[in-house]
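Q: The structure file query_34.cif (mmCIF, C-alpha atoms) is provided below.
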```cif
data_entry
loop_
_atom_site.label_atom_id
_atom_site.label_comp_id
_atom_site.auth_asym_id
_atom_site.auth_seq_id
_atom_site.Cartn_x
_atom_site.Cartn_y
_atom_site.Cartn_z
CA MET A 1 99.78 -38.91 -89.10
CA LEU A 2 98.49 -42.42 -89.15
CA MET A 3 101.28 -43.79 -86.98
CA GLY A 4 100.42 -44.92 -83.44
CA SER A 5 101.08 -42.15 -80.95
CA ASP A 6 103.52 -43.92 -78.62
CA ALA A 7 105.07 -46.31 -81.16
CA GLY A 8 106.50 -43.53 -83.28
CA LYS A 9 107.26 -41.02 -80.56
CA ASP A 10 111.05 -41.18 -80.68
CA LYS A 11 111.14 -41.27 -84.45
CA ALA A 12 108.56 -38.63 -85.09
CA SER A 13 110.97 -35.77 -84.36
CA ARG A 14 113.57 -37.11 -86.77
CA GLU A 15 113.74 -35.96 -90.37
CA GLU A 16 114.86 -39.21 -91.99
CA PRO A 17 114.07 -42.82 -90.99
CA PRO A 18 116.72 -44.54 -88.81
CA SER A 19 119.35 -46.45 -90.75
CA LEU A 20 119.32 -50.27 -90.85
CA ASP A 21 122.62 -50.47 -89.00
CA GLU A 22 121.23 -48.48 -86.15
CA PHE A 23 118.12 -50.67 -86.15
CA SER A 24 120.22 -53.82 -86.05
CA ASP A 25 122.26 -52.39 -83.14
CA ARG A 26 119.13 -51.67 -81.21
CA LEU A 27 117.78 -55.13 -81.98
CA ASP A 28 120.99 -56.73 -80.71
CA ARG A 29 120.90 -54.67 -77.55
CA MET A 30 117.30 -55.64 -76.82
CA ARG A 31 118.01 -59.28 -77.55
CA GLY A 32 121.13 -59.32 -75.44
CA ALA A 33 119.61 -57.85 -72.32
CA PRO A 34 116.98 -60.30 -71.06
CA GLU A 35 118.85 -63.47 -71.95
CA ASP A 36 120.18 -65.26 -68.87
CA PRO A 37 123.48 -67.14 -69.29
CA GLU A 38 121.91 -70.53 -68.57
CA GLY A 39 119.42 -70.31 -71.42
CA PRO A 40 115.86 -71.61 -71.32
CA HIS A 41 116.57 -75.15 -72.53
CA LYS A 42 119.79 -76.00 -70.72
CA GLY A 43 118.44 -77.81 -67.66
CA PRO A 44 116.37 -80.91 -68.38
CA SER A 45 113.92 -82.01 -65.71
CA ALA A 46 114.84 -84.83 -63.35
CA MET A 47 112.09 -86.99 -64.84
CA GLY A 48 113.35 -86.43 -68.37
CA ARG A 49 116.88 -87.26 -67.28
CA ALA A 50 115.73 -90.47 -65.60
CA MET A 51 113.80 -91.49 -68.73
CA ARG A 52 116.82 -90.76 -70.90
CA LEU A 53 119.26 -92.71 -68.73
CA SER A 54 117.00 -95.75 -68.34
CA THR A 55 116.29 -96.02 -72.06
CA GLU A 56 119.99 -95.72 -72.81
CA LEU A 57 120.84 -98.55 -70.40
CA LEU A 58 118.03 -100.81 -71.61
CA ALA A 59 118.72 -100.13 -75.30
CA GLY A 60 122.31 -101.35 -74.89
CA LEU A 61 121.19 -104.47 -73.08
CA PHE A 62 118.48 -105.10 -75.68
CA VAL A 63 120.86 -104.86 -78.64
CA GLY A 64 123.42 -107.08 -76.87
CA CYS A 65 120.80 -109.78 -76.19
CA LEU A 66 119.47 -109.53 -79.75
CA ILE A 67 122.92 -110.01 -81.29
CA GLY A 68 123.61 -112.90 -78.88
CA LEU A 69 120.35 -114.63 -79.74
CA GLY A 70 120.96 -114.13 -83.46
CA LEU A 71 124.46 -115.60 -83.30
CA ASP A 72 123.20 -118.54 -81.21
CA LYS A 73 120.49 -119.31 -83.71
CA TRP A 74 122.92 -119.05 -86.62
CA LEU A 75 125.76 -121.09 -85.09
CA ASN A 76 123.64 -123.41 -82.90
CA THR A 77 125.65 -122.52 -79.81
CA SER A 78 122.80 -121.66 -77.46
CA PRO A 79 123.23 -120.17 -74.86
CA LEU A 80 126.89 -119.18 -75.24
CA PHE A 81 126.51 -115.97 -77.25
CA LEU A 82 123.36 -114.92 -75.41
CA LEU A 83 125.33 -114.89 -72.15
CA LEU A 84 128.20 -113.02 -73.80
CA GLY A 85 125.70 -110.66 -75.41
CA ILE A 86 124.09 -109.86 -72.06
CA GLY A 87 127.50 -108.98 -70.64
CA VAL A 88 128.58 -106.89 -73.62
CA GLY A 89 125.13 -105.29 -73.89
CA PHE A 90 125.17 -104.30 -70.24
CA ALA A 91 128.63 -102.81 -70.68
CA ALA A 92 127.39 -100.88 -73.73
CA GLY A 93 124.40 -99.63 -71.74
CA VAL A 94 126.65 -98.41 -68.95
CA LEU A 95 128.84 -96.74 -71.56
CA ASN A 96 125.76 -94.99 -73.00
CA VAL A 97 124.76 -93.79 -69.54
CA ALA A 98 128.28 -92.57 -68.82
CA ARG A 99 128.25 -90.60 -72.09
CA VAL A 100 124.92 -88.97 -71.26
CA MET A 101 126.15 -88.02 -67.80
CA LYS A 102 129.26 -86.38 -69.30
CA GLU A 103 127.25 -84.10 -71.63
CA MET B 1 69.64 -92.74 -72.21
CA MET B 2 73.22 -91.55 -72.53
CA ASP B 3 75.82 -94.10 -73.47
CA LEU B 4 78.22 -94.13 -70.53
CA ARG B 5 80.44 -96.90 -71.78
CA VAL B 6 84.05 -95.84 -71.35
CA ALA B 7 86.32 -96.70 -74.23
CA GLY B 8 89.51 -98.54 -73.32
CA PRO B 9 92.60 -96.39 -73.02
CA LEU B 10 94.29 -98.34 -75.84
CA GLU B 11 91.54 -97.79 -78.39
CA GLN B 12 93.04 -94.47 -79.46
CA PHE B 13 96.11 -96.25 -80.86
CA GLU B 14 94.13 -98.55 -83.12
CA ILE B 15 95.03 -98.42 -86.81
CA VAL B 16 91.93 -98.21 -88.97
CA PRO B 17 92.19 -98.49 -92.75
CA ILE B 18 90.45 -95.73 -94.67
CA VAL B 19 91.31 -96.76 -98.23
CA PRO B 20 92.28 -100.47 -98.29
CA LEU B 21 95.20 -101.06 -100.66
CA HIS B 22 97.30 -104.15 -101.29
CA PHE B 23 100.63 -104.46 -103.04
CA GLY B 24 101.39 -108.13 -103.53
CA SER B 25 101.19 -109.60 -100.05
CA PHE B 26 101.81 -106.23 -98.39
CA ASP B 27 99.01 -104.26 -96.81
CA ILE B 28 99.68 -100.66 -97.85
CA SER B 29 96.24 -99.30 -96.96
CA PHE B 30 95.80 -95.60 -96.39
CA THR B 31 95.02 -95.60 -92.67
CA ASN B 32 94.10 -93.06 -90.01
CA SER B 33 97.82 -92.92 -89.21
CA SER B 34 98.59 -92.01 -92.84
CA LEU B 35 95.82 -89.43 -92.76
CA TRP B 36 97.34 -87.65 -89.76
CA MET B 37 100.81 -87.77 -91.30
CA VAL B 38 99.36 -86.09 -94.41
CA ILE B 39 97.52 -83.53 -92.27
CA GLY B 40 100.67 -82.75 -90.28
CA THR B 41 102.89 -82.46 -93.37
CA GLY B 42 100.26 -80.35 -95.12
CA ALA B 43 99.97 -78.04 -92.11
CA ILE B 44 103.75 -77.48 -92.05
CA ILE B 45 103.88 -76.74 -95.78
CA LEU B 46 100.88 -74.42 -95.53
CA PHE B 47 102.35 -72.59 -92.54
CA PHE B 48 105.70 -71.94 -94.20
CA ALA B 49 104.08 -71.05 -97.52
CA MET B 50 101.97 -68.45 -95.74
CA ALA B 51 104.83 -67.25 -93.53
CA THR B 52 107.22 -66.68 -96.45
CA ARG B 53 104.65 -65.44 -98.95
CA ARG B 54 105.25 -61.80 -98.14
CA ALA B 55 108.77 -62.04 -96.79
CA SER B 56 110.00 -58.66 -95.59
CA LEU B 57 112.91 -57.30 -93.60
CA ILE B 58 110.66 -56.43 -90.70
CA PRO B 59 108.78 -59.69 -90.15
CA GLY B 60 105.08 -59.96 -89.52
CA ARG B 61 103.63 -62.36 -86.94
CA LEU B 62 103.73 -65.50 -89.10
CA GLN B 63 107.15 -64.73 -90.53
CA GLY B 64 108.39 -64.02 -87.00
CA MET B 65 107.25 -67.43 -85.83
CA ALA B 66 108.85 -69.14 -88.81
CA GLU B 67 112.11 -67.24 -88.25
CA VAL B 68 112.22 -68.13 -84.54
CA MET B 69 111.90 -71.83 -85.38
CA TYR B 70 114.44 -71.54 -88.19
CA GLU B 71 117.00 -69.81 -85.99
CA PHE B 72 116.38 -72.19 -83.11
CA ILE B 73 117.32 -75.22 -85.21
CA ALA B 74 120.01 -73.37 -87.19
CA ASP B 75 121.76 -72.45 -83.91
CA LEU B 76 121.40 -75.99 -82.63
CA VAL B 77 122.91 -77.47 -85.81
CA ARG B 78 125.75 -74.93 -85.89
CA ASP B 79 126.60 -75.38 -82.20
CA THR B 80 126.54 -79.18 -82.26
CA ILE B 81 127.95 -80.18 -85.65
CA GLY B 82 130.03 -77.11 -86.46
CA SER B 83 130.73 -75.75 -89.92
CA ASP B 84 129.98 -79.09 -91.58
CA GLY B 85 126.48 -78.90 -90.18
CA ARG B 86 124.96 -76.56 -92.74
CA LYS B 87 124.11 -79.35 -95.15
CA PHE B 88 122.20 -81.23 -92.47
CA PHE B 89 120.04 -78.27 -91.53
CA PRO B 90 117.17 -79.16 -93.92
CA TYR B 91 117.05 -82.70 -92.56
CA VAL B 92 117.12 -81.75 -88.87
CA PHE B 93 114.63 -78.92 -89.40
CA THR B 94 112.21 -81.19 -91.26
CA LEU B 95 112.57 -83.90 -88.64
CA PHE B 96 112.01 -81.48 -85.76
CA LEU B 97 108.95 -79.85 -87.32
CA TRP B 98 107.41 -83.14 -88.37
CA ILE B 99 107.73 -84.69 -84.91
CA LEU B 100 106.62 -81.49 -83.20
CA ILE B 101 103.49 -81.21 -85.33
CA ALA B 102 102.73 -84.94 -85.07
CA ASN B 103 103.00 -84.71 -81.26
CA LEU B 104 100.94 -81.53 -81.00
CA PHE B 105 98.21 -82.58 -83.43
CA GLY B 106 97.80 -85.74 -81.39
CA LEU B 107 96.58 -83.51 -78.56
CA LEU B 108 93.77 -82.02 -80.63
CA PRO B 109 90.33 -83.04 -79.37
CA THR B 110 88.36 -85.38 -81.60
CA PHE B 111 85.30 -83.81 -83.18
CA PRO B 112 82.36 -85.20 -81.13
CA GLY B 113 80.61 -88.05 -82.88
CA ALA B 114 83.22 -88.40 -85.61
CA ARG B 115 83.71 -91.81 -87.19
CA HIS B 116 86.56 -93.88 -85.79
CA GLU B 117 88.64 -93.35 -88.93
CA LEU B 118 88.64 -89.61 -88.31
CA HIS B 119 89.49 -89.65 -84.58
CA THR B 120 92.55 -87.68 -83.59
CA PHE B 121 95.58 -89.90 -83.93
CA THR B 122 99.15 -89.47 -82.69
CA THR B 123 101.39 -90.94 -85.34
CA THR B 124 104.44 -90.79 -83.05
CA SER B 125 102.74 -93.05 -80.50
CA HIS B 126 103.59 -96.03 -82.71
CA LEU B 127 107.05 -97.52 -82.28
CA ILE B 128 107.40 -98.35 -85.97
CA VAL B 129 107.06 -94.69 -86.97
CA THR B 130 109.67 -93.42 -84.52
CA LEU B 131 111.93 -96.38 -85.28
CA ALA B 132 111.76 -95.56 -89.01
CA LEU B 133 112.82 -91.98 -88.24
CA ALA B 134 115.67 -93.15 -85.99
CA MET B 135 116.83 -95.70 -88.59
CA LEU B 136 116.88 -92.97 -91.23
CA THR B 137 119.07 -90.86 -88.94
CA ILE B 138 121.49 -93.71 -88.26
CA LEU B 139 121.60 -94.60 -91.96
CA ILE B 140 122.57 -91.02 -92.79
CA VAL B 141 125.21 -91.13 -90.02
CA ILE B 142 126.74 -94.33 -91.44
CA VAL B 143 126.63 -93.26 -95.11
CA TYR B 144 127.92 -89.76 -94.42
CA GLY B 145 130.53 -91.11 -91.98
CA PHE B 146 132.02 -93.38 -94.63
CA MET B 147 131.74 -90.71 -97.34
CA LYS B 148 133.56 -88.12 -95.25
CA ASN B 149 136.11 -90.26 -93.40
CA GLY B 150 136.42 -93.40 -95.51
CA LEU B 151 137.66 -96.31 -93.43
CA LYS B 152 138.72 -93.91 -90.69
CA PHE B 153 135.05 -93.92 -89.71
CA PHE B 154 135.88 -97.09 -87.75
CA LYS B 155 137.97 -94.91 -85.44
CA LEU B 156 134.61 -94.07 -83.87
CA PHE B 157 134.66 -97.54 -82.32
CA VAL B 158 138.28 -97.36 -81.18
CA PRO B 159 138.78 -94.76 -78.48
CA SER B 160 142.32 -93.47 -78.15
CA GLY B 161 144.51 -94.45 -75.21
CA VAL B 162 143.18 -97.97 -74.73
CA PRO B 163 145.71 -100.79 -74.16
CA VAL B 164 146.00 -103.14 -77.13
CA TRP B 165 144.89 -106.28 -75.29
CA LEU B 166 141.66 -104.53 -74.30
CA LEU B 167 140.90 -103.17 -77.78
CA PRO B 168 138.78 -106.05 -79.17
CA LEU B 169 136.48 -106.00 -76.17
CA ILE B 170 136.15 -102.20 -76.18
CA ALA B 171 135.47 -102.19 -79.93
CA VAL B 172 132.67 -104.74 -79.52
CA ILE B 173 131.13 -102.74 -76.69
CA GLU B 174 131.39 -99.53 -78.72
CA ILE B 175 129.70 -101.19 -81.71
CA VAL B 176 126.84 -102.47 -79.54
CA SER B 177 126.56 -99.01 -78.01
CA PHE B 178 126.38 -97.50 -81.51
CA LEU B 179 123.72 -99.99 -82.60
CA SER B 180 121.64 -99.22 -79.51
CA ARG B 181 121.31 -95.56 -80.53
CA PRO B 182 118.35 -95.91 -82.90
CA ILE B 183 116.60 -98.06 -80.27
CA SER B 184 116.97 -95.59 -77.42
CA LEU B 185 116.17 -92.69 -79.76
CA SER B 186 112.93 -94.20 -81.01
CA VAL B 187 111.80 -95.83 -77.77
CA ARG B 188 112.14 -92.55 -75.88
CA LEU B 189 109.85 -90.63 -78.23
CA PHE B 190 107.38 -93.49 -78.59
CA ALA B 191 107.19 -94.23 -74.84
CA ASN B 192 106.65 -90.58 -73.92
CA MET B 193 103.79 -90.12 -76.36
CA PHE B 194 102.25 -93.53 -75.65
CA ALA B 195 102.32 -93.20 -71.86
CA GLY B 196 101.13 -89.60 -71.90
CA HIS B 197 98.10 -90.40 -74.02
CA ILE B 198 97.14 -93.39 -71.88
CA ILE B 199 97.28 -91.26 -68.71
CA LEU B 200 95.23 -88.57 -70.42
CA LYS B 201 92.62 -91.08 -71.49
CA LEU B 202 92.45 -92.75 -68.07
CA PHE B 203 91.94 -89.47 -66.21
CA ALA B 204 89.31 -88.35 -68.68
CA GLY B 205 87.61 -91.73 -68.39
CA PHE B 206 87.31 -91.33 -64.62
CA ILE B 207 85.29 -88.15 -65.08
CA ILE B 208 82.70 -89.95 -67.19
CA SER B 209 82.55 -92.91 -64.81
CA LEU B 210 82.07 -90.69 -61.75
CA PHE B 211 79.38 -88.61 -63.44
CA GLY B 212 77.69 -91.83 -64.47
CA ALA B 213 77.66 -93.01 -60.83
CA GLY B 214 75.65 -89.89 -59.93
CA GLY B 215 74.98 -88.26 -56.54
CA ALA B 216 77.99 -87.48 -54.37
CA PHE B 217 80.27 -89.33 -56.80
CA ALA B 218 79.48 -86.82 -59.52
CA LEU B 219 80.98 -84.09 -57.33
CA LEU B 220 84.20 -86.10 -56.96
CA GLY B 221 84.52 -85.90 -60.75
CA ILE B 222 86.12 -82.50 -60.28
CA PHE B 223 89.40 -84.14 -59.21
CA PRO B 224 90.08 -86.17 -62.34
CA PHE B 225 88.90 -83.12 -64.28
CA LEU B 226 91.62 -80.97 -62.70
CA GLY B 227 94.05 -83.84 -63.23
CA THR B 228 93.18 -83.95 -66.93
CA ILE B 229 93.87 -80.24 -67.27
CA ALA B 230 97.24 -80.63 -65.54
CA VAL B 231 98.22 -83.66 -67.65
CA THR B 232 97.17 -81.87 -70.84
CA MET B 233 99.48 -78.97 -70.01
CA LEU B 234 102.26 -81.40 -69.20
CA GLU B 235 101.68 -83.17 -72.51
CA PHE B 236 102.17 -79.92 -74.44
CA LEU B 237 105.54 -79.58 -72.74
CA VAL B 238 106.43 -83.22 -73.45
CA ALA B 239 105.38 -82.89 -77.10
CA ALA B 240 107.74 -79.96 -77.68
CA LEU B 241 110.51 -81.36 -75.49
CA GLN B 242 110.60 -84.76 -77.19
CA ALA B 243 110.76 -83.18 -80.65
CA TYR B 244 113.66 -81.06 -79.39
CA VAL B 245 115.43 -84.06 -77.80
CA PHE B 246 115.11 -86.03 -81.03
CA ALA B 247 116.63 -83.14 -83.00
CA VAL B 248 119.46 -82.67 -80.48
CA LEU B 249 120.41 -86.35 -80.51
CA THR B 250 120.26 -86.45 -84.31
CA CYS B 251 122.72 -83.54 -84.33
CA ILE B 252 125.03 -85.24 -81.81
CA TYR B 253 125.11 -88.46 -83.86
CA LEU B 254 125.72 -86.53 -87.10
CA SER B 255 128.50 -84.66 -85.35
CA ASP B 256 130.08 -88.00 -84.40
CA ALA B 257 130.00 -89.03 -88.06
CA ALA B 258 131.47 -85.72 -89.19
CA HIS B 259 134.36 -85.83 -86.71
CA ALA B 260 135.02 -89.58 -86.48
CA ALA B 261 138.53 -89.26 -87.88
CA ASP B 262 139.60 -86.55 -85.40
CA HIS B 263 139.38 -88.75 -82.33
#
```
Produce structure tokens that represent the structure in this file.
A:
Amino acid sequence: MLMGSDAGKDKASREEPPSLDEFSDRLDRMRGAPEDPEGPHKGPSAMGRAMRLSTELLAGLFVGCLIGLGLDKWLNTSPLFLLLGIGVGFAAGVLNVARVMKE
Amino acid sequence: MMDLRVAGPLEQFEIVPIVPLHFGSFDISFTNSSLWMVIGTGAIILFFAMATRRASLIPGRLQGMAEVMYEFIADLVRDTIGSDGRKFFPYVFTLFLWILIANLFGLLPTFPGARHELHTFTTTSHLIVTLALAMLTILIVIVYGFMKNGLKFFKLFVPSGVPVWLLPLIAVIEIVSFLSRPISLSVRLFANMFAGHIILKLFAGFIISLFGAGGAFALLGIFPFLGTIAVTMLEFLVAALQAYVFAVLTCIYLSDAAHAADH
């Protein structure tokens, strides 16, 4: 026999090869066993979380300021919409952060 | 005498044209960035062509690797978007692989003495590349959102249970929050790759400087050397993690578009 001695030990005594269903059962059992309920990618690191939250907050503020500046330039109302944009942008940033925290 | 001049940490991000091309007033040269995009894309195609060439029920090593990646993203798409998610699988899978390979290939060492055009280059360390990817995602979200929900897509900006007098303000804040998504998505990937590569370069630069100083200073070079090893390992983690984060967020945004009318 060319088969490796320990790899085929349990099958060597059998007459016919194991069925695919049985193989799939065994595969499921082996897969199911070592997996912990948390999973390997569930807990992000503190650093990653901090990065994520800060970019979310700043992105909201950035977009708010950009829209404010654009409206000011278009309507010649400087600095009315910039100030509004900062407020709305900050609120949007906080909303982003709140959403991330809820996940 | 050896040249001990230490290159600046920003030099690695320089765009160098390889084949200068112009289209009207646009500079569309084939640059080192383009070269590494082509290398990355080619590597992915080659890998999957080889992995699926002799597809069998009991997978070999290559096919096993390909299947693990496939199932990883397929599970992610199914869990986040639900049954509608199947049609987005090709997009998310391509995006994930492309970013992953771009991040990882950026960590390859440059062949010693290679010309500047051929230095290892991290395409994802440029904001415009990540921003283009994020814009593509948001564009798909908007187009698919309107296709699936029609005008009910606007419900995304109107959370339920808000008093009427507060609605205009909330809607504006929600719209700004929606528009900030491509920014935070792209800045996160770009900043991680950019900062990581600068730290790597700085630590490595210290080794050369300390060796150049000679004597007792040369012995101190061991510390930045150990630091470089640690940062390199960290960068491998960051490269994979950021590709994963980008894929996850893409799925979450697509899920918003798919379920906008249910809110």
Q: From the options B:Ile101, B:Ile58, B:Leu226, B:Val172, which residue's atoms come nearest to Ile45 of chain B, counting only C-alpha atoms?
A: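 Of B:Ile101, B:Ile58, B:Leu226, B:Val172, the one nearest Ile45 of chain B, counting only C-alpha atoms, is B:Ile101.
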Q: Using all atoms listed in the file, pick whichever of B:Pro224, B:Gly8, B:Gly145, B:Pro168 has the shortest atom-to-atom distance to chain A.
A: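 Closest to chain A of all the choices is B:Pro168.
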Q: Up to 10 Å from chain A, what residues of chain B turn up? Count all atoms listed in the file and give them as a list in words.
A: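 The complete set of qualifying residues is Leu57, Leu169, Ile170, Val172, Ile173, Glu174, Ile175, Val176, Ser177, Phe178, Leu179, Ser180, Arg181, Pro182, Ile183, Ser184, Leu185, Ser186, Val187, Arg188, Ala191, Asn192, Val238, Leu241, Gln242, Tyr244 and Val245 of chain B.
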Q: One decimal, in Å: what's the spacing between atom CA of Gly32 of chain A and atom CA of Arg54 of chain B?
A: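 Pair atom CA of Gly32 of chain A / atom CA of Arg54 of chain B returns 27.8 Å.
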Q: Grab the atom CA of Ala204 of chain B to atom CA of Ile222 of chain B distance for me, in Å with one decimal place.
A: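 Computing it gives 10.7 Å between the two atoms.
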Q: With the PyMOL selection byres ((chain B and resi 200-202) around 12) as the selection, what would be picked from this file? Answer as a PyMOL selection string, please.
A: chain B and resi 6-13+106-107+109+193-199+203-209+224-236
Q: To one decimal place in Å, what is the distance between atom CA of Leu95 of chain B and atom CA of Ile15 of chain B?
A: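 Value for the atom CA of Leu95 of chain B-atom CA of Ile15 of chain B distance: 22.8 Å.
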Q: Which neighbours of segment 59-70 of chain B fall inside 12 Å, counting all atoms listed in the file, when residues of the same chain fewer than 2 positions from it are skipped, and could you give them as number ranges by chain?
A: B: 44-57, 72-77, 89-90, 92-94, 96-97, 100, 240, 244
Q: The PyMOL selection byres ((chain B and resi 149) around 10) on the file shown: which residues, as a list in words?
A: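 Applying the expression gives Tyr144, Gly145, Phe146, Met147, Lys148, Gly150, Leu151, Lys152, Phe153, Phe154, Lys155, Ala257, Ala258, His259, Ala260, Ala261 and Asp262 of chain B.
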Q: Using the chain letters and numbers from the file, give me the residues hit by the PyMOL selection byres ((chain B and resi 114-121) around 8), as a ChimeraX atom specification.
A: /B:12-13,16-18,31-33,36,105-113,122-123
